[in-house]
$ cat structure.cif   # mmCIF, C-alpha atoms
data_upload
loop_
_atom_site.label_atom_id
_atom_site.label_comp_id
_atom_site.auth_asym_id
_atom_site.auth_seq_id
_atom_site.Cartn_x
_atom_site.Cartn_y
_atom_site.Cartn_z
CA MET A 164 0.00 0.00 0.00
CA ASP A 165 2.70 2.40 1.06
CA ILE A 166 4.66 1.66 -2.07
CA ILE A 167 2.01 2.30 -4.74
CA ILE A 168 1.75 6.06 -4.34
CA PRO A 169 5.53 6.72 -4.41
CA VAL A 170 5.84 4.56 -7.53
CA LEU A 171 2.98 6.41 -9.23
CA VAL A 172 4.55 9.71 -8.28
CA THR A 173 7.94 8.57 -9.58
CA LEU A 174 6.47 7.60 -12.93
CA PHE A 175 4.44 10.75 -13.14
CA SER A 176 7.32 13.07 -12.24
CA VAL A 177 9.56 11.40 -14.84
CA PHE A 178 6.76 11.79 -17.38
CA LEU A 179 6.30 15.46 -16.40
CA PHE A 180 10.03 16.18 -16.56
CA LEU A 181 10.51 14.56 -19.96
CA GLY A 182 7.26 16.05 -21.27
CA THR A 183 8.40 19.54 -20.29
CA LEU A 184 11.77 18.99 -21.96
CA GLU A 185 10.07 17.75 -25.11
CA LEU A 186 7.80 20.82 -25.25
CA VAL A 187 10.83 23.07 -24.95
CA ARG A 188 12.63 21.08 -27.64
CA ARG A 189 9.72 21.58 -30.03
CA ASN A 190 9.60 25.30 -29.26
CA ARG A 191 6.10 24.96 -27.79
CA LEU A 192 7.22 26.14 -24.34
CA LYS A 193 9.73 28.84 -23.49
CA GLU A 194 12.69 27.87 -21.31
CA LYS A 195 11.73 30.65 -18.93
CA TYR A 196 8.41 28.99 -18.11
CA ALA A 197 9.80 25.47 -18.18
CA ILE A 198 12.14 26.07 -15.26
CA LEU A 199 9.39 26.02 -12.62
CA TRP A 200 7.95 22.79 -14.04
CA LEU A 201 11.35 21.11 -14.26
CA PHE A 202 12.13 22.13 -10.70
CA SER A 203 8.76 20.85 -9.45
CA SER A 204 9.03 17.51 -11.19
CA SER A 205 12.64 17.01 -10.01
CA THR A 206 11.65 17.68 -6.41
CA MET A 207 8.73 15.27 -6.64
CA PHE A 208 10.97 12.68 -8.25
CA TYR A 209 13.60 13.02 -5.54
CA PHE A 210 11.13 12.55 -2.69
CA SER A 211 9.39 9.65 -4.40
CA ILE A 212 12.57 7.59 -4.75
CA SER A 213 14.38 8.63 -1.58
CA ARG A 214 12.12 7.25 1.12
CA ASP A 215 14.63 8.29 3.80
CA SER A 216 14.43 11.97 2.98
CA LEU A 217 10.66 11.74 2.56
CA HIS A 218 10.27 10.22 6.04
CA ALA A 219 12.83 12.53 7.60
CA LEU A 220 11.14 15.65 6.28
CA SER A 221 7.68 14.32 7.15
CA ASN A 222 8.80 13.67 10.74
CA MET A 223 10.35 17.07 10.95
CA ILE A 224 7.16 18.92 10.05
CA GLY A 225 4.85 16.45 11.79
CA ILE A 226 3.24 14.63 8.86
CA LYS A 227 2.06 11.18 9.98
CA TYR A 228 1.62 9.69 6.52
CA PRO A 229 4.77 10.51 4.51
CA PRO A 230 3.33 10.16 0.96
CA SER A 231 1.00 13.05 1.70
CA LEU A 232 4.10 15.25 1.88
CA ILE A 233 4.42 14.72 -1.86
CA PHE A 234 0.87 15.97 -2.33
CA LEU A 235 1.59 18.96 -0.16
CA LEU A 236 4.66 19.81 -2.25
CA ALA A 237 2.78 19.34 -5.50
CA PHE A 238 0.00 21.57 -4.21
CA LEU A 239 2.44 24.32 -3.19
CA PHE A 240 4.20 24.16 -6.53
CA LEU A 241 0.87 24.50 -8.34
CA ILE A 242 0.04 27.61 -6.36
CA ILE A 243 3.41 29.18 -7.14
CA ILE A 244 3.15 28.29 -10.82
CA ASN A 245 -0.35 29.77 -10.98
CA ILE A 246 0.68 33.03 -9.38
CA HIS A 247 3.56 33.16 -11.81
CA PHE A 248 1.08 32.70 -14.68
CA SER A 249 -1.14 35.48 -13.33
CA THR A 250 1.79 37.90 -13.44
CA VAL A 251 2.63 36.78 -16.97
CA ILE A 252 -1.01 37.26 -18.06
CA SER A 253 -1.12 40.73 -16.49
CA LYS A 254 1.96 41.74 -18.39
CA LEU A 255 0.64 40.26 -21.63
CA SER A 256 -2.72 41.97 -21.35
CA ASP A 257 -0.99 45.28 -20.74
CA GLN A 258 1.19 44.78 -23.81
CA ASN A 259 -1.89 43.70 -25.75
CA LYS A 260 -3.69 46.90 -24.77
CA ASN A 261 -0.73 49.05 -25.80
CA LEU A 262 -0.53 47.28 -29.14
CA ALA A 263 -4.25 47.74 -29.80
CA GLN A 264 -3.90 51.45 -29.05
CA GLU A 265 -0.94 51.78 -31.42
CA VAL A 266 -2.84 49.93 -34.15
CA ALA A 267 -5.72 52.37 -33.72
CA PHE A 268 -3.37 55.37 -34.01
CA LEU A 269 -1.67 53.95 -37.10
CA ARG A 270 -4.98 53.09 -38.73
CA GLU A 271 -6.18 56.63 -38.23
CA LEU A 272 -2.93 57.98 -39.68
CA ILE A 273 -3.22 55.78 -42.76
CA SER A 274 -6.86 56.66 -43.37
CA ARG A 275 -5.87 60.34 -43.42
CA ARG A 276 -3.10 60.04 -45.99
CA PRO A 277 -5.03 60.17 -49.29
CA GLU A 278 -6.77 63.45 -48.52
CA GLU A 279 -3.51 65.07 -47.44
CA GLU A 280 -1.86 64.06 -50.71
CA GLU A 281 -4.73 65.62 -52.61
CA LYS A 282 -4.12 68.92 -50.87
CA GLU A 283 -0.50 69.11 -51.96
CA MET B 249 -4.81 76.78 -24.92
CA LYS B 250 -4.98 73.69 -27.12
CA THR B 251 -7.94 71.70 -25.86
CA LEU B 252 -9.10 68.20 -26.81
CA ILE B 253 -12.47 66.73 -25.97
CA ILE B 254 -12.20 62.95 -25.72
CA ILE B 255 -15.45 61.11 -26.36
CA PRO B 256 -15.27 57.39 -25.59
CA ALA B 257 -18.03 55.47 -27.35
CA TYR B 258 -19.02 51.81 -27.37
CA ASN B 259 -22.09 50.93 -29.46
CA GLU B 260 -23.43 54.48 -29.32
CA GLU B 261 -24.69 54.93 -32.90
CA MET B 262 -28.01 56.19 -31.49
CA ASN B 263 -26.41 58.85 -29.28
CA ILE B 264 -23.11 59.92 -30.80
CA GLU B 265 -24.61 62.28 -33.39
CA GLY B 266 -26.56 64.16 -30.72
CA VAL B 267 -23.49 64.37 -28.50
CA ILE B 268 -21.37 65.87 -31.27
CA ALA B 269 -24.15 68.26 -32.30
CA ASP B 270 -24.46 69.40 -28.67
CA LEU B 271 -20.71 70.03 -28.47
CA ASN B 272 -20.59 71.78 -31.86
CA LYS B 273 -23.34 74.13 -30.74
CA HIS B 274 -21.28 75.37 -27.78
CA TYR B 275 -17.66 74.90 -28.84
CA SER B 276 -16.52 75.46 -32.39
CA GLY B 277 -12.80 76.07 -31.95
CA ILE B 278 -12.05 72.95 -29.92
CA ASP B 279 -10.90 69.58 -31.27
CA PHE B 280 -13.13 66.57 -30.70
CA LEU B 281 -11.87 63.02 -30.74
CA VAL B 282 -14.18 60.01 -30.66
CA ILE B 283 -12.58 56.85 -29.37
CA ASN B 284 -14.59 54.03 -30.86
CA ASP B 285 -13.97 51.14 -28.47
CA GLY B 286 -14.50 48.27 -30.88
CA SER B 287 -18.20 48.98 -31.38
CA ARG B 288 -20.20 46.39 -33.29
CA ASP B 289 -22.59 49.01 -34.62
CA ALA B 290 -22.09 52.04 -36.87
CA THR B 291 -20.65 54.32 -34.15
CA ALA B 292 -17.47 55.09 -36.11
CA LYS B 293 -19.35 55.72 -39.35
CA VAL B 294 -21.89 58.03 -37.74
CA ALA B 295 -19.19 59.98 -35.90
CA GLY B 296 -17.07 60.24 -39.04
CA ARG B 297 -20.06 61.60 -40.96
CA CYS B 298 -20.32 64.36 -38.34
CA GLY B 299 -16.84 65.46 -39.32
CA VAL B 300 -14.98 64.68 -36.12
CA LYS B 301 -11.80 62.68 -35.86
CA VAL B 302 -12.42 59.04 -34.94
CA ILE B 303 -9.89 56.59 -33.58
CA SER B 304 -11.15 53.03 -33.73
CA LEU B 305 -9.68 50.40 -31.43
CA PRO B 306 -9.39 47.02 -33.19
CA PHE B 307 -11.44 45.33 -30.46
CA ASN B 308 -13.26 46.26 -27.27
CA LEU B 309 -10.70 47.22 -24.62
CA GLY B 310 -13.05 48.66 -22.00
CA ILE B 311 -13.59 52.24 -20.91
CA GLY B 312 -10.26 52.56 -19.07
CA ALA B 313 -8.07 51.68 -22.03
CA ALA B 314 -10.33 53.65 -24.39
CA MET B 315 -9.97 56.76 -22.23
CA GLN B 316 -6.23 56.24 -22.09
CA THR B 317 -6.12 56.07 -25.89
CA GLY B 318 -7.51 59.60 -25.88
CA TYR B 319 -4.97 60.76 -23.32
CA LYS B 320 -2.13 59.23 -25.34
CA TYR B 321 -3.40 61.07 -28.39
CA ALA B 322 -3.53 64.32 -26.43
CA GLU B 323 -0.04 63.72 -25.09
CA ARG B 324 1.48 63.05 -28.53
CA ASN B 325 -0.26 65.96 -30.21
CA GLY B 326 0.72 68.56 -27.67
CA TYR B 327 -2.65 69.35 -26.10
CA ASP B 328 -2.66 71.48 -22.95
CA ILE B 329 -6.09 70.45 -21.73
CA ALA B 330 -8.13 67.29 -22.19
CA VAL B 331 -11.78 66.79 -21.37
CA GLN B 332 -13.58 63.50 -20.85
CA PHE B 333 -17.05 63.66 -22.34
CA ASP B 334 -19.21 60.51 -22.46
CA GLY B 335 -20.52 59.36 -25.81
CA ASP B 336 -23.87 58.28 -24.37
CA GLY B 337 -25.29 61.78 -24.07
CA GLN B 338 -25.42 62.16 -20.29
CA HIS B 339 -22.86 64.97 -20.23
CA ARG B 340 -24.04 68.42 -21.27
CA ALA B 341 -21.92 70.69 -23.45
CA ASP B 342 -23.45 73.78 -21.83
CA GLN B 343 -21.85 72.69 -18.52
CA LEU B 344 -18.39 72.25 -19.97
CA TYR B 345 -17.16 75.78 -19.29
CA LEU B 346 -17.56 75.07 -15.57
CA LEU B 347 -14.88 72.38 -15.88
CA LEU B 348 -12.63 74.23 -18.30
CA GLU B 349 -12.23 77.55 -16.55
CA PRO B 350 -10.41 76.43 -13.39
CA VAL B 351 -7.97 74.33 -15.46
CA GLN B 352 -7.39 77.13 -17.98
CA ASN B 353 -6.65 79.54 -15.15
CA GLY B 354 -4.16 77.12 -13.66
CA GLU B 355 -6.03 77.00 -10.35
CA THR B 356 -6.08 73.23 -10.30
CA ASP B 357 -4.88 70.14 -12.17
CA ILE B 358 -8.19 68.33 -12.58
CA VAL B 359 -11.80 69.40 -12.34
CA ILE B 360 -14.48 66.76 -11.78
CA GLY B 361 -18.06 67.60 -12.63
CA SER B 362 -20.17 66.47 -9.68
CA ARG B 363 -23.87 65.69 -9.82
CA PHE B 364 -24.17 65.85 -6.05
CA LEU B 365 -22.28 68.97 -5.08
CA GLY B 366 -25.08 71.35 -4.19
CA GLY B 367 -27.22 68.58 -2.76
CA ASN B 368 -29.15 67.41 -5.79
CA SER B 369 -29.61 63.64 -5.96
CA SER B 370 -33.00 63.15 -7.57
CA GLY B 371 -33.61 60.73 -10.38
CA PHE B 372 -31.28 57.98 -9.15
CA MET B 373 -32.11 54.40 -8.32
CA TRP B 374 -31.56 53.96 -4.58
CA SER B 375 -29.05 51.13 -5.11
CA ARG B 376 -26.88 53.24 -7.38
CA LEU B 377 -27.10 56.18 -5.06
CA ALA B 378 -26.08 54.03 -2.08
CA GLY B 379 -23.17 52.63 -4.09
CA ILE B 380 -21.95 56.08 -5.06
CA ARG B 381 -22.29 57.26 -1.44
CA VAL B 382 -20.11 54.41 -0.18
CA LEU B 383 -17.53 55.04 -2.89
CA SER B 384 -17.60 58.74 -2.18
CA TRP B 385 -16.88 58.00 1.47
CA VAL B 386 -14.03 55.62 0.66
CA ILE B 387 -12.42 57.86 -1.95
CA SER B 388 -12.79 60.93 0.27
CA PHE B 389 -11.15 59.05 3.13
CA LEU B 390 -8.24 57.88 0.95
CA THR B 391 -7.61 61.25 -0.66
CA ARG B 392 -8.25 63.22 2.56
CA GLN B 393 -10.50 65.51 0.57
CA LYS B 394 -14.26 65.57 0.02
CA ILE B 395 -15.08 63.89 -3.30
CA THR B 396 -18.87 63.84 -3.72
CA ASP B 397 -19.06 62.15 -7.14
CA PRO B 398 -16.07 59.84 -7.67
CA THR B 399 -17.82 57.90 -10.47
CA SER B 400 -18.35 60.98 -12.62
CA GLY B 401 -16.59 60.68 -15.97
CA PHE B 402 -17.12 64.36 -16.75
CA ARG B 403 -13.65 65.78 -16.18
CA ALA B 404 -11.11 68.28 -17.46
CA VAL B 405 -7.39 67.86 -16.85
CA ASN B 406 -4.23 69.82 -17.58
CA ARG B 407 -1.04 68.79 -19.38
CA LYS B 408 0.55 67.32 -16.25
CA ILE B 409 -2.30 64.83 -15.87
CA ILE B 410 -2.49 64.13 -19.60
CA GLU B 411 1.10 62.93 -19.33
CA PHE B 412 0.42 60.97 -16.15
CA TYR B 413 -2.65 59.21 -17.58
CA SER B 414 -0.95 58.37 -20.87
CA ARG B 415 1.64 56.47 -18.84
CA TYR B 416 -0.93 54.73 -16.66
CA TYR B 417 -4.70 54.67 -16.48
CA PRO B 418 -6.70 52.09 -14.52
CA ASP B 419 -8.70 49.33 -16.26
CA ASP B 420 -12.42 48.69 -16.02
CA TYR B 421 -14.44 51.12 -13.84
CA PRO B 422 -11.49 53.52 -13.78
CA GLU B 423 -13.00 56.83 -12.57
CA PRO B 424 -12.72 56.54 -8.76
CA GLU B 425 -9.32 54.90 -8.96
CA ALA B 426 -8.07 57.56 -11.34
CA VAL B 427 -8.78 60.13 -8.61
CA VAL B 428 -6.87 58.17 -5.96
CA LEU B 429 -3.87 57.87 -8.29
CA LEU B 430 -3.87 61.62 -8.83
CA HIS B 431 -3.91 62.15 -5.08
CA ARG B 432 -0.84 59.92 -4.81
CA ALA B 433 0.82 61.90 -7.60
CA ARG B 434 0.19 65.06 -5.53
CA CYS B 435 -2.17 66.64 -8.03
CA ARG B 436 -4.68 69.33 -7.15
CA ILE B 437 -8.21 67.93 -7.42
CA THR B 438 -11.29 70.15 -7.64
CA GLU B 439 -14.98 69.32 -7.88
CA VAL B 440 -17.58 71.66 -9.35
CA PRO B 441 -21.36 71.17 -9.44
CA VAL B 442 -22.73 70.31 -12.88
CA LEU B 443 -26.03 69.20 -14.35
CA MET B 444 -26.25 65.93 -16.25
CA ARG B 445 -28.90 64.30 -18.39
CA ASN B 446 -30.39 60.87 -18.21
CA ARG B 447 -29.33 58.64 -21.06
CA LEU B 448 -30.76 59.63 -24.44
CA ALA B 449 -31.03 56.15 -25.94
CA GLY B 450 -29.80 52.62 -25.46
CA ILE B 451 -29.32 50.99 -22.08
CA SER B 452 -26.86 51.80 -19.34
CA SER B 453 -24.27 49.12 -18.71
CA ILE B 454 -24.94 49.17 -14.96
CA THR B 455 -27.15 46.47 -13.41
CA PRO B 456 -27.50 45.88 -9.62
CA VAL B 457 -25.13 42.88 -9.66
CA ARG B 458 -22.57 44.79 -11.69
CA ALA B 459 -22.97 47.75 -9.37
CA LEU B 460 -22.02 45.55 -6.42
CA TYR B 461 -19.06 44.07 -8.28
CA TYR B 462 -18.11 47.59 -9.31
CA MET B 463 -18.05 48.75 -5.71
CA ILE B 464 -16.00 45.87 -4.38
CA LYS B 465 -13.52 46.09 -7.26
CA VAL B 466 -13.12 49.84 -6.96
CA VAL B 467 -12.69 49.84 -3.18
CA LEU B 468 -10.09 47.08 -3.34
CA ALA B 469 -8.21 48.64 -6.24
CA SER B 470 -8.24 52.07 -4.61
CA VAL B 471 -6.84 50.76 -1.36
CA ILE B 472 -4.15 48.90 -3.29
CA ASP B 473 -3.38 52.09 -5.21
CA MET B 474 -2.64 53.75 -1.89
CA LEU B 475 -0.15 50.99 -1.05
CA LYS B 476 1.57 50.87 -4.43
CA LYS B 477 5.25 51.72 -4.37
CA THR B 478 5.11 53.69 -7.58
CA PRO B 479 1.59 54.60 -8.60
CA GLY B 480 1.31 54.64 -12.33
CA THR B 481 3.49 51.74 -13.31
CA LEU B 482 2.65 48.11 -13.85
#
$ encode --input "structure.cif" --output "structure tokens"
Amino acid sequence: MDIIIPVLVTLFSVFLFLGTLELVRRNRLKEKYAILWLFSSSTMFYFSISRDSLHALSNMIGIKYPPSLIFLLAFLFLIIINIHFSTVISKLSDQNKNLAQEVAFLRELISRRPEEEEKE
Amino acid sequence: MKTLIIIPAYNEEMNIEGVIADLNKHYSGIDFLVINDGSRDATAKVAGRCGVKVISLPFNLGIGAAMQTGYKYAERNGYDIAVQFDGDGQHRADQLYLLLEPVQNGETDIVIGSRFLGGNSSGFMWSRLAGIRVLSWVISFLTRQKITDPTSGFRAVNRKIIEFYSRYYPDDYPEPEAVVLLHRARCRITEVPVLMRNRLAGISSITPVRALYYMIKVVLASVIDMLKKTPGTL
């Protein structure tokens, strides 16, 4: 019973790590954003194979059932990654707004050109 | 002084012609600029037919970004004064001089046209009135100055604020927050009593649920604005 969850987590973290690398390799994910995922999957991998460290850390912070430490870590990583995404989205939407405004200015400028040429 | 009247409009084909006619009647030497915020109707066409300059955003960005488009335009084209004038017909051109004069004389940096200064509050739904009261209290507390109508979008600003707003202007429901930011930037804020109309046509975008969301969002954002390290940067 105690062995199934760590094995699942090991497999999953390996899958996640390699999957992230593959996405980067195909240019579908920027290195910048891959780092958090690679770090998360490595940490999960480490704790799923090293039972000693898992138990030691669990004891230290008072977790009775060590595998749940892995869930705790995964949960914390997800929160961090999501906050990171929110900041990225905020920046993107600001850039998007600025671009839309510039497009509007340029469009207005272009629409004015023919009549100005006529004047000359 | 080079003055620009910024008219944000989203799906206002029914109202925009009347708004421009009203402005033309009172102000002939001033530049008007309609910001068409990605309208799906003929707003841009109708405004263009009236002979005013129209800048059309490629998609709907919301009132905050639309307003800022006008401020950026004013900043780049060397305007000394900019006026916000709604495209839905609730602002009256015959009241505009009340906003312009104090800015022209350099007495203040921004003038806000208030519907409540002078004690008039008839013709409002109670829920909206209550919402505005709460906001007024919050914004007055934050800016340490009585602001009776923080949601009013009828405003005139000088060059200093044109530059400030073209660098940063808040997103959706921007009016109250825009006042708090000016307080943080140490600008002089003045309110004057003005008369406004009820909407000419179309429906207002404010429903009771939205009004509640509006209030919570604005209060939160305003408090955060007070805590920001550098107001006006993202």
$ resolve_selection --input "structure.cif" --expression "the PyMOL selection byres ((chain A) within 10 of (chain B))" --output "list in words"
Ser253, Lys254, Asp257, Asn259, Lys260, Asn261, Leu262, Ala263, Gln264, Glu265, Val266, Ala267, Phe268, Leu269, Arg270, Glu271, Leu272 and Arg275 of chain A
$ residues_around --input "structure.cif" --residues "Thr399 in chain B" --least-positions-apart "3" --cutoff "8 Å" --atoms "all atoms listed in the file" --output "PyMOL selection string"
chain B and resi 380+423-424
$ write_last_selection --input "structure.cif" --atoms "C-alpha atoms" --output "tab-separated table (two decimals), in the coordinates of the input"
chain	number	residue	atom	x	y	z
B	380	ILE	CA	-21.95	56.08	-5.06
B	423	GLU	CA	-13.00	56.83	-12.57
B	424	PRO	CA	-12.72	56.54	-8.76
$ atom_distance --input "structure.cif" --atom1 "CA of Trp385 in chain B" --atom2 "CA of Cys435 in chain B"
19.5 Å
$ atom_distance --input "structure.cif" --atom1 "CA of Ile242 in chain A" --atom2 "CA of Tyr196 in chain A"
14.5 Å
$ resolve_selection --input "structure.cif" --expression "the PyMOL selection byres ((chain A and resi 220-229) around 12)" --output "PyMOL selection string"
chain A and resi 164-166+168-169+210-211+213-219+230-236
$ residues_around --input "structure.cif" --residues "range 180-185 of chain A" --least-positions-apart "5" --cutoff "7 Å" --atoms "only C-alpha atoms" --output "PyMOL selection string"
chain A and resi 197+201+204
$ resolve_selection --input "structure.cif" --expression "the PyMOL selection byres ((chain B and resi 266) around 12)" --output "list in words"
Glu260, Glu261, Met262, Asn263, Ile264, Glu265, Val267, Ile268, Ala269, Asp270, Leu271, Asn272, Lys273, Thr291, Val294, Ala295, Cys298, Asp334, Gly335, Asp336, Gly337, Gln338, His339, Arg340, Ala341, Arg447, Leu448 and Ala449 of chain B
$ atom_distance --input "structure.cif" --atom1 "CA of Val467 in chain B" --atom2 "CA of Val386 in chain B"
7.1 Å
$ closest_residue --input "structure.cif" --among "B:Gln332, B:Asn259, B:Thr391, B:Asn353" --to "Arg288 in chain B" --atoms "all atoms listed in the file"
B:Asn259
$ closest_residue --input "structure.cif" --among "B:Ala292, B:Glu425, B:Tyr345, B:Thr455" --to "Ser388 in chain B" --atoms "all atoms listed in the file"
B:Glu425
$ closest_residue --input "structure.cif" --among "B:Tyr275, B:Phe412, B:Trp374, B:Tyr421" --to "Met463 in chain B" --atoms "all atoms listed in the file"
B:Tyr421
$ residues_around --input "structure.cif" --residues "Ala459 in chain B" --least-positions-apart "6" --cutoff "12 Å" --atoms "only C-alpha atoms" --output "list in words"
Met373, Trp374, Ser375, Arg376, Leu377, Ala378, Gly379, Ile380, Val382, Leu383, Thr399, Tyr421, Ser452, Ser453, Lys465 and Val466 of chain B
$ write_last_selection --input "structure.cif" --atoms "C-alpha atoms" --output "PDB file, keeping the file's coordinate frame"
ATOM      1  CA  MET B 373     -32.110  54.400  -8.320  1.00  0.00           C
ATOM      2  CA  TRP B 374     -31.560  53.960  -4.580  1.00  0.00           C
ATOM      3  CA  SER B 375     -29.050  51.130  -5.110  1.00  0.00           C
ATOM      4  CA  ARG B 376     -26.880  53.240  -7.380  1.00  0.00           C
ATOM      5  CA  LEU B 377     -27.100  56.180  -5.060  1.00  0.00           C
ATOM      6  CA  ALA B 378     -26.080  54.030  -2.080  1.00  0.00           C
ATOM      7  CA  GLY B 379     -23.170  52.630  -4.090  1.00  0.00           C
ATOM      8  CA  ILE B 380     -21.950  56.080  -5.060  1.00  0.00           C
ATOM      9  CA  VAL B 382     -20.110  54.410  -0.180  1.00  0.00           C
ATOM     10  CA  LEU B 383     -17.530  55.040  -2.890  1.00  0.00           C
ATOM     11  CA  THR B 399     -17.820  57.900 -10.470  1.00  0.00           C
ATOM     12  CA  TYR B 421     -14.440  51.120 -13.840  1.00  0.00           C
ATOM     13  CA  SER B 452     -26.860  51.800 -19.340  1.00  0.00           C
ATOM     14  CA  SER B 453     -24.270  49.120 -18.710  1.00  0.00           C
ATOM     15  CA  LYS B 465     -13.520  46.090  -7.260  1.00  0.00           C
ATOM     16  CA  VAL B 466     -13.120  49.840  -6.960  1.00  0.00           C
TER      17      VAL B 466
END
$ closest_residue --input "structure.cif" --among "B:Leu281, B:Ile329, B:Leu430, B:Ile437" --to "Val359 in chain B" --atoms "only C-alpha atoms"
B:Ile437
$ build_atoms --input "structure.cif" --residues "range 423-429 of chain B" --atoms "all heavy atoms" --output "PDB file, in the coordinates of the input"
ATOM      1  N   GLU B 423     -12.878  55.435 -13.042  1.00  0.00           N
ATOM      2  CA  GLU B 423     -13.000  56.830 -12.570  1.00  0.00           C
ATOM      3  C   GLU B 423     -12.569  57.042 -11.112  1.00  0.00           C
ATOM      4  O   GLU B 423     -11.736  57.912 -10.851  1.00  0.00           O
ATOM      5  CB  GLU B 423     -14.411  57.364 -12.799  1.00  0.00           C
ATOM      6  CG  GLU B 423     -14.770  57.588 -14.262  1.00  0.00           C
ATOM      7  CD  GLU B 423     -15.313  56.333 -14.919  1.00  0.00           C
ATOM      8  OE1 GLU B 423     -15.525  55.329 -14.204  1.00  0.00           O
ATOM      9  OE2 GLU B 423     -15.534  56.335 -16.143  1.00  0.00           O
ATOM     10  N   PRO B 424     -13.122  56.268 -10.153  1.00  0.00           N
ATOM     11  CA  PRO B 424     -12.720  56.540  -8.760  1.00  0.00           C
ATOM     12  C   PRO B 424     -11.229  56.312  -8.533  1.00  0.00           C
ATOM     13  O   PRO B 424     -10.552  57.106  -7.869  1.00  0.00           O
ATOM     14  CB  PRO B 424     -13.566  55.547  -7.950  1.00  0.00           C
ATOM     15  CG  PRO B 424     -14.692  55.166  -8.840  1.00  0.00           C
ATOM     16  CD  PRO B 424     -14.154  55.224 -10.223  1.00  0.00           C
ATOM     17  N   GLU B 425     -10.728  55.223  -9.129  1.00  0.00           N
ATOM     18  CA  GLU B 425      -9.320  54.900  -8.960  1.00  0.00           C
ATOM     19  C   GLU B 425      -8.415  55.988  -9.545  1.00  0.00           C
ATOM     20  O   GLU B 425      -7.362  56.306  -8.996  1.00  0.00           O
ATOM     21  CB  GLU B 425      -9.035  53.601  -9.704  1.00  0.00           C
ATOM     22  CG  GLU B 425      -8.507  52.495  -8.862  1.00  0.00           C
ATOM     23  CD  GLU B 425      -8.048  51.390  -9.766  1.00  0.00           C
ATOM     24  OE1 GLU B 425      -8.899  50.678 -10.335  1.00  0.00           O
ATOM     25  OE2 GLU B 425      -6.842  51.241  -9.913  1.00  0.00           O
ATOM     26  N   ALA B 426      -8.859  56.525 -10.677  1.00  0.00           N
ATOM     27  CA  ALA B 426      -8.070  57.560 -11.340  1.00  0.00           C
ATOM     28  C   ALA B 426      -7.892  58.774 -10.432  1.00  0.00           C
ATOM     29  O   ALA B 426      -6.877  59.468 -10.497  1.00  0.00           O
ATOM     30  CB  ALA B 426      -8.740  57.971 -12.652  1.00  0.00           C
ATOM     31  N   VAL B 427      -8.886  59.011  -9.552  1.00  0.00           N
ATOM     32  CA  VAL B 427      -8.780  60.130  -8.610  1.00  0.00           C
ATOM     33  C   VAL B 427      -7.746  59.805  -7.522  1.00  0.00           C
ATOM     34  O   VAL B 427      -6.909  60.643  -7.173  1.00  0.00           O
ATOM     35  CB  VAL B 427     -10.159  60.422  -7.960  1.00  0.00           C
ATOM     36  CG1 VAL B 427     -10.041  61.542  -6.948  1.00  0.00           C
ATOM     37  CG2 VAL B 427     -11.178  60.775  -9.028  1.00  0.00           C
ATOM     38  N   VAL B 428      -7.804  58.571  -7.012  1.00  0.00           N
ATOM     39  CA  VAL B 428      -6.870  58.170  -5.960  1.00  0.00           C
ATOM     40  C   VAL B 428      -5.425  58.263  -6.472  1.00  0.00           C
ATOM     41  O   VAL B 428      -4.530  58.743  -5.764  1.00  0.00           O
ATOM     42  CB  VAL B 428      -7.173  56.733  -5.481  1.00  0.00           C
ATOM     43  CG1 VAL B 428      -6.157  56.272  -4.462  1.00  0.00           C
ATOM     44  CG2 VAL B 428      -8.580  56.669  -4.898  1.00  0.00           C
ATOM     45  N   LEU B 429      -5.217  57.816  -7.717  1.00  0.00           N
ATOM     46  CA  LEU B 429      -3.870  57.870  -8.290  1.00  0.00           C
ATOM     47  C   LEU B 429      -3.365  59.302  -8.380  1.00  0.00           C
ATOM     48  O   LEU B 429      -2.194  59.576  -8.122  1.00  0.00           O
ATOM     49  CB  LEU B 429      -3.862  57.225  -9.679  1.00  0.00           C
ATOM     50  CG  LEU B 429      -3.976  55.708  -9.681  1.00  0.00           C
ATOM     51  CD1 LEU B 429      -4.228  55.196 -11.094  1.00  0.00           C
ATOM     52  CD2 LEU B 429      -2.712  55.075  -9.118  1.00  0.00           C
TER      53      LEU B 429
END
